[in-house]
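Asker: The structure is given below, and queries will be raised subsequently.
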Amino acid sequence: MISFLNDYSEGAHPRILAMLAQANWEQNEGYGQDAHSQRAKEYLKQAVGRENVDIHFLAGGTQTNLVVISSFLRPHHCVISAETGHINVHETGAIEATGHKVVVAPGEQGKLTPEAIQTVIDYHTDEHMVLPKMVYISNSTELGTVYTKAELTAIHEVCKKNGLLLFLDGARLASALTCKANDLTLSDKARLVDVIYLGGTKNGALLGEALVICKEELKEDFRYLIKQRGALMAKGFVIGIQFEALFQDDLYFRLGKHANDMAEKIAAILKDYGYSFYVPPCTNQLFPILPGETVDKLAQEFKFYIQKKIDDRHYAIRLVTSWATTQESVDRLRQFFAGACS
């Protein structure tokens, strides 16, 4: 069966595997102090267009979200998220387990708005309630949508006005940056947020995320906090090598664009056969609405998630493409829908 479940089903891009194999017998320093990690950090600083950032490599997205949020909030602080946000839905209460409440606000196609953020702030008025101190957004979102420059700037302004930190989960940042709807550069994002991470796990790496701390006041002692939370890898060079491979040229962005290109082809097929979408196609996550009988037949040949029951006869499913999705897989989908709609 062909899987469109996620964008981390495959192993890693061949360049990454080759560089890991080449470095296999090296004796590297531990805990991210190796030469590969340092080169990767220099490449990343060039990519974000800033030298005055701190960069740390962590193993995965949930771990990164937990370390960031628990490190930068005091015990009585909460974090604001869209109701579809990863920290609210898909992290098993990891943030709450650190003692910090996730306060949800309604999103628009997965995106937070300044108005929704301000409503949460205005509701939390005194010491009998948790105090909002951080806004969490993801780009692309859990619904595959992206923030425009105007939208991110407006969120930046409401955070600045109310003294809130702005944290951007970039697990699928490569897809967001290379989609046709995007008008933000990586340097724009680093300027508008306080903390951001660039996802490797979902963009061609075996594992790993690159955390970029932009706000000066947050940098102090952060390695202590990573270690205390069990996230400072002894073999940190394993992640460093992968980001060295991804950012020594534009490979990171080419992989994100490939995933988007494959998704665009699938979206065109679905549109050709008259299907609508739960949210408009934008990046590498697609949410077509299909009749239940079509979903049942599709599940015999392909792997995917059912996102939502629309009514008694229709379901929104999620199809995700990756850096490794082939034209052959897209063609198989085309053949399926040609048969289903004949």
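Scheme for the structure tokens: letters A, B, ... for chains in order shown; per-chain residue numbers from 1; ligand numbers from 1 in order shown.
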Please report, as a Markdown table, each residue of range 111-209 of chain A lying at most 8 Å from range 11-14 of chain A, together with the nearest pair of atoms and the separation in Å rounded to one decimal; use only C-alpha atoms, and order rows by chain and ascending residue number.
Answerer:
```
| residue | atom | partner | partner_atom | distance |
| --- | --- | --- | --- | --- |
| A:Gly204 | CA | A:Ala12 | CA | 4.9 |
| A:Ala205 | CA | A:Ala12 | CA | 4.9 |
| A:Leu206 | CA | A:Ala12 | CA | 5.1 |
```
Asker: Report as a PyMOL selection string all protein, DNA and RNA residues lying within 8 Å of range 142-156 of chain A, evaluated on only C-alpha atoms, omitting residues in the same chain fewer than 2 positions from it.
Answerer: chain A and resi 84-86+109-111+113-114+138-140+158-160+166+176+181-184+188+192-193+279-287
Asker: Please identify the strand (DSSP E or B) residues within range 155-290 of chain A (assignment by DSSP from backbone atoms) and present them as a list in words.
Answerer: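 Assigned to strand (DSSP E or B), within range 155-290 of chain A: Leu165, Leu166, Phe167, Leu168, Asp169, Gly170, Val195, Ile196, Tyr197, Leu198, Gly199, Glu209, Ala210, Leu211, Val212, Ile213, Phe277, Gln285, Leu286, Pro288, Ile289 and Leu290 of chain A.
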Asker: Using only C-alpha atoms, please write the residues we just selected to a file, as a PDB file, in the first residue's frame.
Answerer:
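The result, written out as out_27.pdb:
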```
ATOM      1  CA  LEU A 165       6.441  35.919  23.679  1.00  0.00           C
ATOM      2  CA  LEU A 166       5.757  34.657  20.157  1.00  0.00           C
ATOM      3  CA  PHE A 167       6.858  31.078  19.420  1.00  0.00           C
ATOM      4  CA  LEU A 168       6.631  29.603  15.928  1.00  0.00           C
ATOM      5  CA  ASP A 169       6.528  25.823  15.506  1.00  0.00           C
ATOM      6  CA  GLY A 170       8.202  25.194  12.163  1.00  0.00           C
ATOM      7  CA  VAL A 195      11.643  31.766  19.054  1.00  0.00           C
ATOM      8  CA  ILE A 196      11.290  29.553  15.991  1.00  0.00           C
ATOM      9  CA  TYR A 197      12.304  26.058  15.043  1.00  0.00           C
ATOM     10  CA  LEU A 198      13.034  24.622  11.629  1.00  0.00           C
ATOM     11  CA  GLY A 199      11.793  21.073  11.261  1.00  0.00           C
ATOM     12  CA  GLU A 209      14.760  20.143  14.752  1.00  0.00           C
ATOM     13  CA  ALA A 210      16.839  23.324  14.731  1.00  0.00           C
ATOM     14  CA  LEU A 211      15.704  25.761  17.420  1.00  0.00           C
ATOM     15  CA  VAL A 212      16.539  29.414  16.795  1.00  0.00           C
ATOM     16  CA  ILE A 213      16.294  31.811  19.745  1.00  0.00           C
ATOM     17  CA  PHE A 277     -11.753  20.565   0.194  1.00  0.00           C
ATOM     18  CA  GLN A 285      -1.301  18.579   3.539  1.00  0.00           C
ATOM     19  CA  LEU A 286      -4.541  18.106   1.614  1.00  0.00           C
ATOM     20  CA  PRO A 288     -10.399  16.553   0.342  1.00  0.00           C
ATOM     21  CA  ILE A 289     -14.037  15.777   1.150  1.00  0.00           C
ATOM     22  CA  LEU A 290     -15.053  12.366  -0.178  1.00  0.00           C
TER      23      LEU A 290
END
```
Asker: Could you tell me which of A:Gln46, A:Thr141, A:Gln300, A:Ser71 comes closest to Leu218 in chain A if we count only C-alpha atoms?
Answerer: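 Among the listed residues, the smallest separation from Leu218 in chain A belongs to A:Ser71.
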Asker: Give me, please, the distance in Å between CA of Lys202 in chain A and CA of Gly30 in chain A, quoted to one decimal.
Answerer: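 Going from CA of Lys202 in chain A over to CA of Gly30 in chain A covers 24.6 Å.
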Asker: Would you give me, as number ranges by chain, the residues in range 35-281 of chain A that DSSP reads as helix (DSSP H, G or I)?
Answerer: A: 35-48, 61-72, 86-89, 94-97, 114-123, 149-162, 173-178, 186-192, 216-218, 222-228, 237-247, 251-272
Asker: Go through A:Lys235, A:Thr185, A:Ile80, A:Gly60 and flag the residue nearest Gly32 in chain A, using only C-alpha atoms for the distances.
Answerer: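 Among the listed residues, the smallest separation from Gly32 in chain A belongs to A:Lys235.
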Asker: Could you check which of A:Gly200, A:Glu301, A:Leu333, A:Met134 is closest to Ala245 in chain A, using only C-alpha atoms?
Answerer: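 Of all the options, A:Gly200 lies closest to Ala245 in chain A.
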Asker: Which residues are close to range 120-130 of chain A, i.e. within 12 Å by only C-alpha atoms, leaving aside same-chain residues fewer than 3 positions away? Reply as a count of residues only.
Answerer: 33
Asker: When you draw a straight line from CA of Trp323 in chain A to CA of Ala174 in chain A, how long is it in Å?
Answerer: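 Separating CA of Trp323 in chain A from CA of Ala174 in chain A is a distance of 10.1 Å.
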Asker: Write out as a PDB file with C-alpha atoms, in the first residue's frame which residues come within 9 Å of range 306-309 of chain A when counting only C-alpha atoms, dropping same-chain ones fewer than 6 positions away.
Answerer:
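The resulting part.pdb:
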```
ATOM      1  CA  TYR A 278     -12.199  21.099   3.929  1.00  0.00           C
ATOM      2  CA  PHE A 287      -8.019  17.682   3.086  1.00  0.00           C
ATOM      3  CA  VAL A 295     -13.098   6.550   1.444  1.00  0.00           C
ATOM      4  CA  TYR A 315     -15.642  12.662   5.293  1.00  0.00           C
ATOM      5  CA  ALA A 316     -12.671  15.001   5.101  1.00  0.00           C
ATOM      6  CA  ILE A 317      -9.509  12.925   4.850  1.00  0.00           C
ATOM      7  CA  ARG A 318      -5.891  14.010   5.134  1.00  0.00           C
TER       8      ARG A 318
END
```
Asker: Residues near Gly49 in chain A, anyone? I mean within 9 Å using only C-alpha atoms, not counting same-chain ones fewer than 2 positions away, as a CSV table (one decimal) with C-alpha atoms, in the first residue's frame.
Answerer:
```
chain,number,residue,atom,x,y,z
A,44,LEU,CA,21.4,28.4,9.6
A,45,LYS,CA,22.5,31.9,10.6
A,46,GLN,CA,23.1,32.8,6.9
A,47,ALA,CA,19.6,31.3,6.1
A,51,GLU,CA,24.2,36.5,13.4
A,186,LEU,CA,12.9,33.1,6.7
A,187,SER,CA,14.5,36.3,7.8
A,188,ASP,CA,11.1,37.9,8.0
A,190,ALA,CA,13.1,35.5,12.5
```
Asker: Considering only C-alpha atoms, can you say which of A:Cys214, A:Ala23, A:Ile69, A:Cys341 comes closest to Gly274 in chain A?
Answerer: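 Using only C-alpha atoms, Gly274 in chain A sits closest to A:Cys341.
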Asker: What's the separation between CA of Ala259 in chain A and CA of Thr321 in chain A, in Å to one decimal place?
Answerer: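 Separation between CA of Ala259 in chain A and CA of Thr321 in chain A: 5.3 Å.
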Asker: For Lys41 in chain A, please output as a list in words all residues within 9 Å (counting only C-alpha atoms; exclusion window: fewer than 5 positions along the same chain).
Answerer: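 Once the adjacent positions are removed, what remains is His36, Gln46, Asp54, Ile55, His56, Ala210, Gly240, Phe243 and Glu244 of chain A.
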Asker: Quick one: write out the picked residues with C-alpha atoms as an mmCIF file, in the first residue's frame?
Answerer:
```cif
data_model
loop_
_atom_site.group_PDB
_atom_site.id
_atom_site.type_symbol
_atom_site.label_atom_id
_atom_site.label_comp_id
_atom_site.auth_asym_id
_atom_site.auth_seq_id
_atom_site.Cartn_x
_atom_site.Cartn_y
_atom_site.Cartn_z
ATOM 1 C CA HIS A 36 29.532 19.591 12.126
ATOM 2 C CA GLN A 46 23.060 32.758 6.924
ATOM 3 C CA ASP A 54 21.356 31.151 19.367
ATOM 4 C CA ILE A 55 20.787 27.789 17.713
ATOM 5 C CA HIS A 56 20.206 24.450 19.424
ATOM 6 C CA ALA A 210 16.839 23.324 14.731
ATOM 7 C CA GLY A 240 24.238 18.555 13.450
ATOM 8 C CA PHE A 243 21.337 20.138 9.260
ATOM 9 C CA GLU A 244 24.780 20.667 7.785
#
```
Asker: With only C-alpha atoms as the basis for distance, which of A:Pro132, A:Ile241, A:Tyr224, A:Ala268 is at the shortest distance from Asp34 in chain A?
Answerer: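 So, comparing all the options, the nearest one is A:Ile241.
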